[in-house]
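*Asks:* I am sharing final-v7.cif, which consists of mmCIF, C-alpha atoms:
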```cif
data_run
loop_
_atom_site.label_atom_id
_atom_site.label_comp_id
_atom_site.auth_asym_id
_atom_site.auth_seq_id
_atom_site.Cartn_x
_atom_site.Cartn_y
_atom_site.Cartn_z
CA MET A 8 65.18 -14.52 59.72
CA THR A 9 63.82 -17.90 58.63
CA THR A 10 61.95 -18.47 55.46
CA ILE A 11 59.08 -20.88 55.28
CA GLU A 12 58.79 -23.18 52.31
CA SER A 13 55.34 -23.59 50.89
CA PRO A 14 54.67 -27.25 50.08
CA ARG A 15 52.79 -26.38 46.90
CA SER A 16 54.95 -23.62 45.50
CA GLY A 17 58.14 -25.54 44.98
CA LYS A 18 59.99 -22.33 45.81
CA ILE A 19 61.82 -21.69 49.03
CA GLY A 20 60.79 -18.51 50.76
CA ALA A 21 58.08 -17.63 48.26
CA GLY A 22 55.42 -17.36 50.96
CA LYS A 23 52.74 -17.79 48.33
CA ILE A 24 50.85 -20.86 47.26
CA ALA A 25 51.04 -21.51 43.56
CA PRO A 26 47.60 -21.75 42.02
CA LYS A 27 46.59 -25.30 41.23
CA TYR A 28 44.12 -24.35 38.50
CA ASN A 29 44.25 -21.77 35.76
CA ARG A 30 41.36 -19.40 36.15
CA THR A 31 40.70 -18.28 32.62
CA GLY A 32 37.50 -16.99 31.12
CA SER A 33 36.81 -20.32 29.44
CA SER A 34 33.27 -21.38 28.64
CA ARG A 35 33.64 -24.53 30.77
CA GLY A 36 34.20 -22.43 33.89
CA ASN A 37 31.20 -20.34 32.97
CA PHE A 38 29.08 -23.45 32.43
CA GLU A 39 30.05 -24.86 35.81
CA MET A 40 29.12 -21.59 37.52
CA ILE A 41 25.74 -21.54 35.74
CA ALA A 42 25.19 -25.23 36.64
CA TRP A 43 26.02 -24.45 40.29
CA LEU A 44 23.61 -21.52 40.29
CA PHE A 45 20.92 -23.64 38.58
CA MET A 46 21.19 -26.27 41.33
CA ARG A 47 20.55 -23.68 44.03
CA LEU A 48 17.69 -21.89 42.27
CA SER A 49 15.99 -25.04 40.98
CA GLY A 50 16.24 -26.55 44.46
CA ILE A 51 14.34 -23.60 45.92
CA VAL A 52 11.68 -23.74 43.20
CA LEU A 53 11.39 -27.54 43.57
CA VAL A 54 10.75 -27.21 47.31
CA VAL A 55 7.84 -24.85 46.57
CA LEU A 56 6.48 -27.08 43.78
CA ILE A 57 6.76 -30.29 45.80
CA PHE A 58 5.21 -28.89 48.97
CA GLY A 59 2.40 -27.35 46.89
CA HIS A 60 1.87 -30.72 45.22
CA LEU A 61 1.81 -32.54 48.56
CA PHE A 62 -0.51 -29.96 50.12
CA VAL A 63 -3.07 -30.19 47.32
CA ASN A 64 -2.89 -33.98 47.01
CA LEU A 65 -2.77 -34.94 50.68
CA LEU A 66 -4.27 -32.18 52.80
CA VAL A 67 -6.94 -30.49 50.68
CA GLY A 68 -10.22 -32.33 50.21
CA GLU A 69 -10.49 -35.94 51.31
CA GLY A 70 -6.75 -36.50 51.66
CA ILE A 71 -4.88 -39.52 50.44
CA GLN A 72 -8.01 -41.67 50.16
CA ALA A 73 -9.24 -39.45 47.30
CA ILE A 74 -6.17 -39.99 45.11
CA ASP A 75 -7.07 -42.26 42.24
CA PHE A 76 -7.24 -42.18 38.46
CA GLY A 77 -10.25 -39.86 38.53
CA PHE A 78 -8.47 -37.42 40.86
CA VAL A 79 -5.50 -37.19 38.49
CA ALA A 80 -7.83 -36.91 35.49
CA GLY A 81 -9.70 -34.03 37.12
CA LYS A 82 -6.48 -32.31 38.12
CA TRP A 83 -4.93 -32.59 34.66
CA ALA A 84 -8.11 -31.22 33.06
CA ASP A 85 -6.90 -27.83 34.36
CA PRO A 86 -3.95 -26.31 32.40
CA PHE A 87 -2.61 -24.77 35.62
CA TRP A 88 -1.98 -28.21 37.15
CA GLN A 89 -0.59 -29.53 33.88
CA PHE A 90 2.06 -26.81 33.86
CA TRP A 91 2.66 -27.20 37.62
CA ASP A 92 3.38 -30.91 37.19
CA LEU A 93 5.35 -30.24 34.01
CA ALA A 94 7.56 -27.72 35.83
CA MET A 95 8.04 -30.20 38.66
CA LEU A 96 9.00 -32.96 36.20
CA TRP A 97 11.41 -30.85 34.16
CA LEU A 98 13.09 -29.20 37.13
CA ALA A 99 13.44 -32.47 39.04
CA MET A 100 14.93 -34.24 36.02
CA LEU A 101 17.33 -31.43 35.14
CA HIS A 102 18.30 -30.92 38.79
CA GLY A 103 18.97 -34.63 39.26
CA THR A 104 20.79 -34.94 35.93
CA ASN A 105 23.07 -32.06 36.84
CA GLY A 106 23.84 -33.69 40.18
CA VAL A 107 24.63 -37.06 38.60
CA ARG A 108 26.73 -35.30 35.93
CA THR A 109 28.79 -33.75 38.71
CA ILE A 110 29.25 -37.15 40.38
CA ILE A 111 30.33 -38.68 37.05
CA ASN A 112 32.86 -35.86 36.55
CA ASP A 113 34.21 -36.39 40.06
CA TYR A 114 34.51 -40.17 40.06
CA ALA A 115 34.91 -41.43 36.48
CA GLU A 116 38.66 -41.60 35.91
CA LYS A 117 38.89 -42.28 32.18
CA ASP A 118 37.66 -39.70 29.67
CA SER A 119 35.91 -42.36 27.58
CA THR A 120 34.10 -43.75 30.63
CA ARG A 121 33.05 -40.24 31.67
CA PHE A 122 31.82 -39.53 28.12
CA TRP A 123 29.70 -42.68 27.81
CA LEU A 124 28.23 -42.43 31.30
CA LYS A 125 27.13 -38.88 30.55
CA MET A 126 25.70 -39.89 27.16
CA VAL A 127 23.60 -42.60 28.84
CA LEU A 128 22.52 -40.10 31.51
CA TYR A 129 21.53 -37.47 28.93
CA ALA A 130 19.68 -40.01 26.78
CA ALA A 131 17.71 -41.33 29.78
CA THR A 132 16.91 -37.78 30.88
CA LEU A 133 15.71 -36.82 27.41
CA VAL A 134 13.50 -39.92 27.12
CA ILE A 135 11.92 -39.36 30.55
CA ILE A 136 11.30 -35.66 29.92
CA ILE A 137 9.74 -36.32 26.50
CA LEU A 138 7.56 -39.21 27.73
CA GLY A 139 6.51 -37.34 30.88
CA THR A 140 5.58 -34.25 28.87
CA LEU A 141 3.59 -36.36 26.42
CA VAL A 142 1.72 -38.08 29.25
CA ILE A 143 0.82 -34.78 30.89
CA PHE A 144 -0.45 -33.09 27.72
CA THR A 145 -2.00 -36.03 25.88
CA PHE A 146 -3.67 -37.66 28.88
CA ASN A 147 -7.26 -38.62 28.04
CA PRO A 148 -9.30 -39.88 31.00
CA CYS A 149 -12.12 -41.12 28.78
CA PRO A 150 -10.54 -42.90 25.80
CA VAL A 151 -12.69 -44.12 22.94
CA VAL A 152 -11.47 -47.24 21.14
CA ASP A 153 -13.20 -48.29 17.90
CA GLY A 154 -16.14 -46.01 18.68
CA VAL A 155 -16.68 -47.55 22.13
CA GLN A 156 -15.89 -45.64 25.31
CA LEU A 157 -13.76 -47.70 27.68
CA PRO A 158 -15.42 -48.40 31.03
CA GLY A 159 -14.74 -46.21 34.03
CA GLY A 160 -16.84 -44.50 36.68
CA PHE A 161 -15.07 -41.16 36.13
CA CYS A 162 -16.24 -40.65 32.52
CA PRO A 163 -19.61 -39.09 31.67
CA ALA A 164 -22.13 -41.32 29.95
CA PRO A 165 -22.01 -41.01 26.13
#
```
What does the file become when written as structure tokens?
*Replies:*
Amino acid sequence: MTTIESPRSGKIGAGKIAPKYNRTGSSRGNFEMIAWLFMRLSGIVLVVLIFGHLFVNLLVGEGIQAIDFGFVAGKWADPFWQFWDLAMLWLAMLHGTNGVRTIINDYAEKDSTRFWLKMVLYAATLVIIILGTLVIFTFNPCPVVDGVQLPGGFCPAP
């Protein structure tokens, strides 16, 4: 009877492939599983949010011709649309950040390079999420500067 040598086992006749990775209950393995699951679930939710956004903005009412500053101002006057757009912003940013983090882990060879690329990624993500959230919740379509309302056809007369 002939024995077959497994190229990965290093043992003749073992018939088994030696595991390449240790599968321990480490927190990193748990994080990667949660990140993988997040990508799938957030992708599904993002599809719903994006198609809802496109439907309301492009198909309902006057279509694309109606989209202007006043349209956005009217939409963001409703807390429902504020939270809809906020969820879309946060999920898109976190989904994209997780994808880029995975690419950095796969392709950055040096630990220091991987660390700094991820720090830049996380800083940019944090800045965009904070600024986007501030824009959504502090948006004022009729600003008053020095007691004078700025001009615009979408604001009621004082």
*Asks:* Which is closest to Trp88 in chain A among A:Pro148, A:Gly139, A:Gly154, A:Gly59, if we use all atoms listed in the file?
*Replies:*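 Selected residue with least distance to Trp88 in chain A: A:Gly59.
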*Asks:* Check the smallest atom-to-atom distance from each of A:Asn37, A:Ser119, A:Val152, A:Leu56 to Ala99 in chain A using only C-alpha atoms, then report the winner.
*Replies:*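 Using only C-alpha atoms, the shortest distance to Ala99 in chain A belongs to A:Leu56.
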*Asks:* Counting all atoms listed in the file, which of A:Val67, A:Leu128, A:Ile143, A:Ile57 gets nearest to Gly103 in chain A?
*Replies:*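 Of A:Val67, A:Leu128, A:Ile143, A:Ile57, the one nearest Gly103 in chain A is A:Leu128, counting all atoms listed in the file.
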*Asks:* Could you tell me how far CA of Asn147 in chain A sits from CA of Val55 in chain A, in Å to one decimal place?
*Replies:* 27.6 Å
*Asks:* Run the PyMOL selection byres ((chain A and resi 98) around 12) against the file shown and list the residues it catches, as a ChimeraX atom specification.
*Replies:* /A:45-57,90-97,99-105,132,136
*Asks:* List every protein, DNA or RNA residue that has at least one atom no more than 12 Å from (31.0, -32.4, 38.9) in the file's coordinates, counting all atoms listed in the file, and write the result as a ChimeraX atom specification.
*Replies:* /A:35-36,38-40,42-43,46,104-115,121,125
*Asks:* For the atom pair CA of Ala131 in chain A and CA of Thr145 in chain A, what is the interatomic distance in Å to one decimal place?
*Replies:*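 About the pair CA of Ala131 in chain A and CA of Thr145 in chain A: they are 20.8 Å apart.
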*Asks:* State, in Å with one decimal place, the distance from CA of Phe146 in chain A to CA of Leu66 in chain A.
*Replies:* 24.5 Å
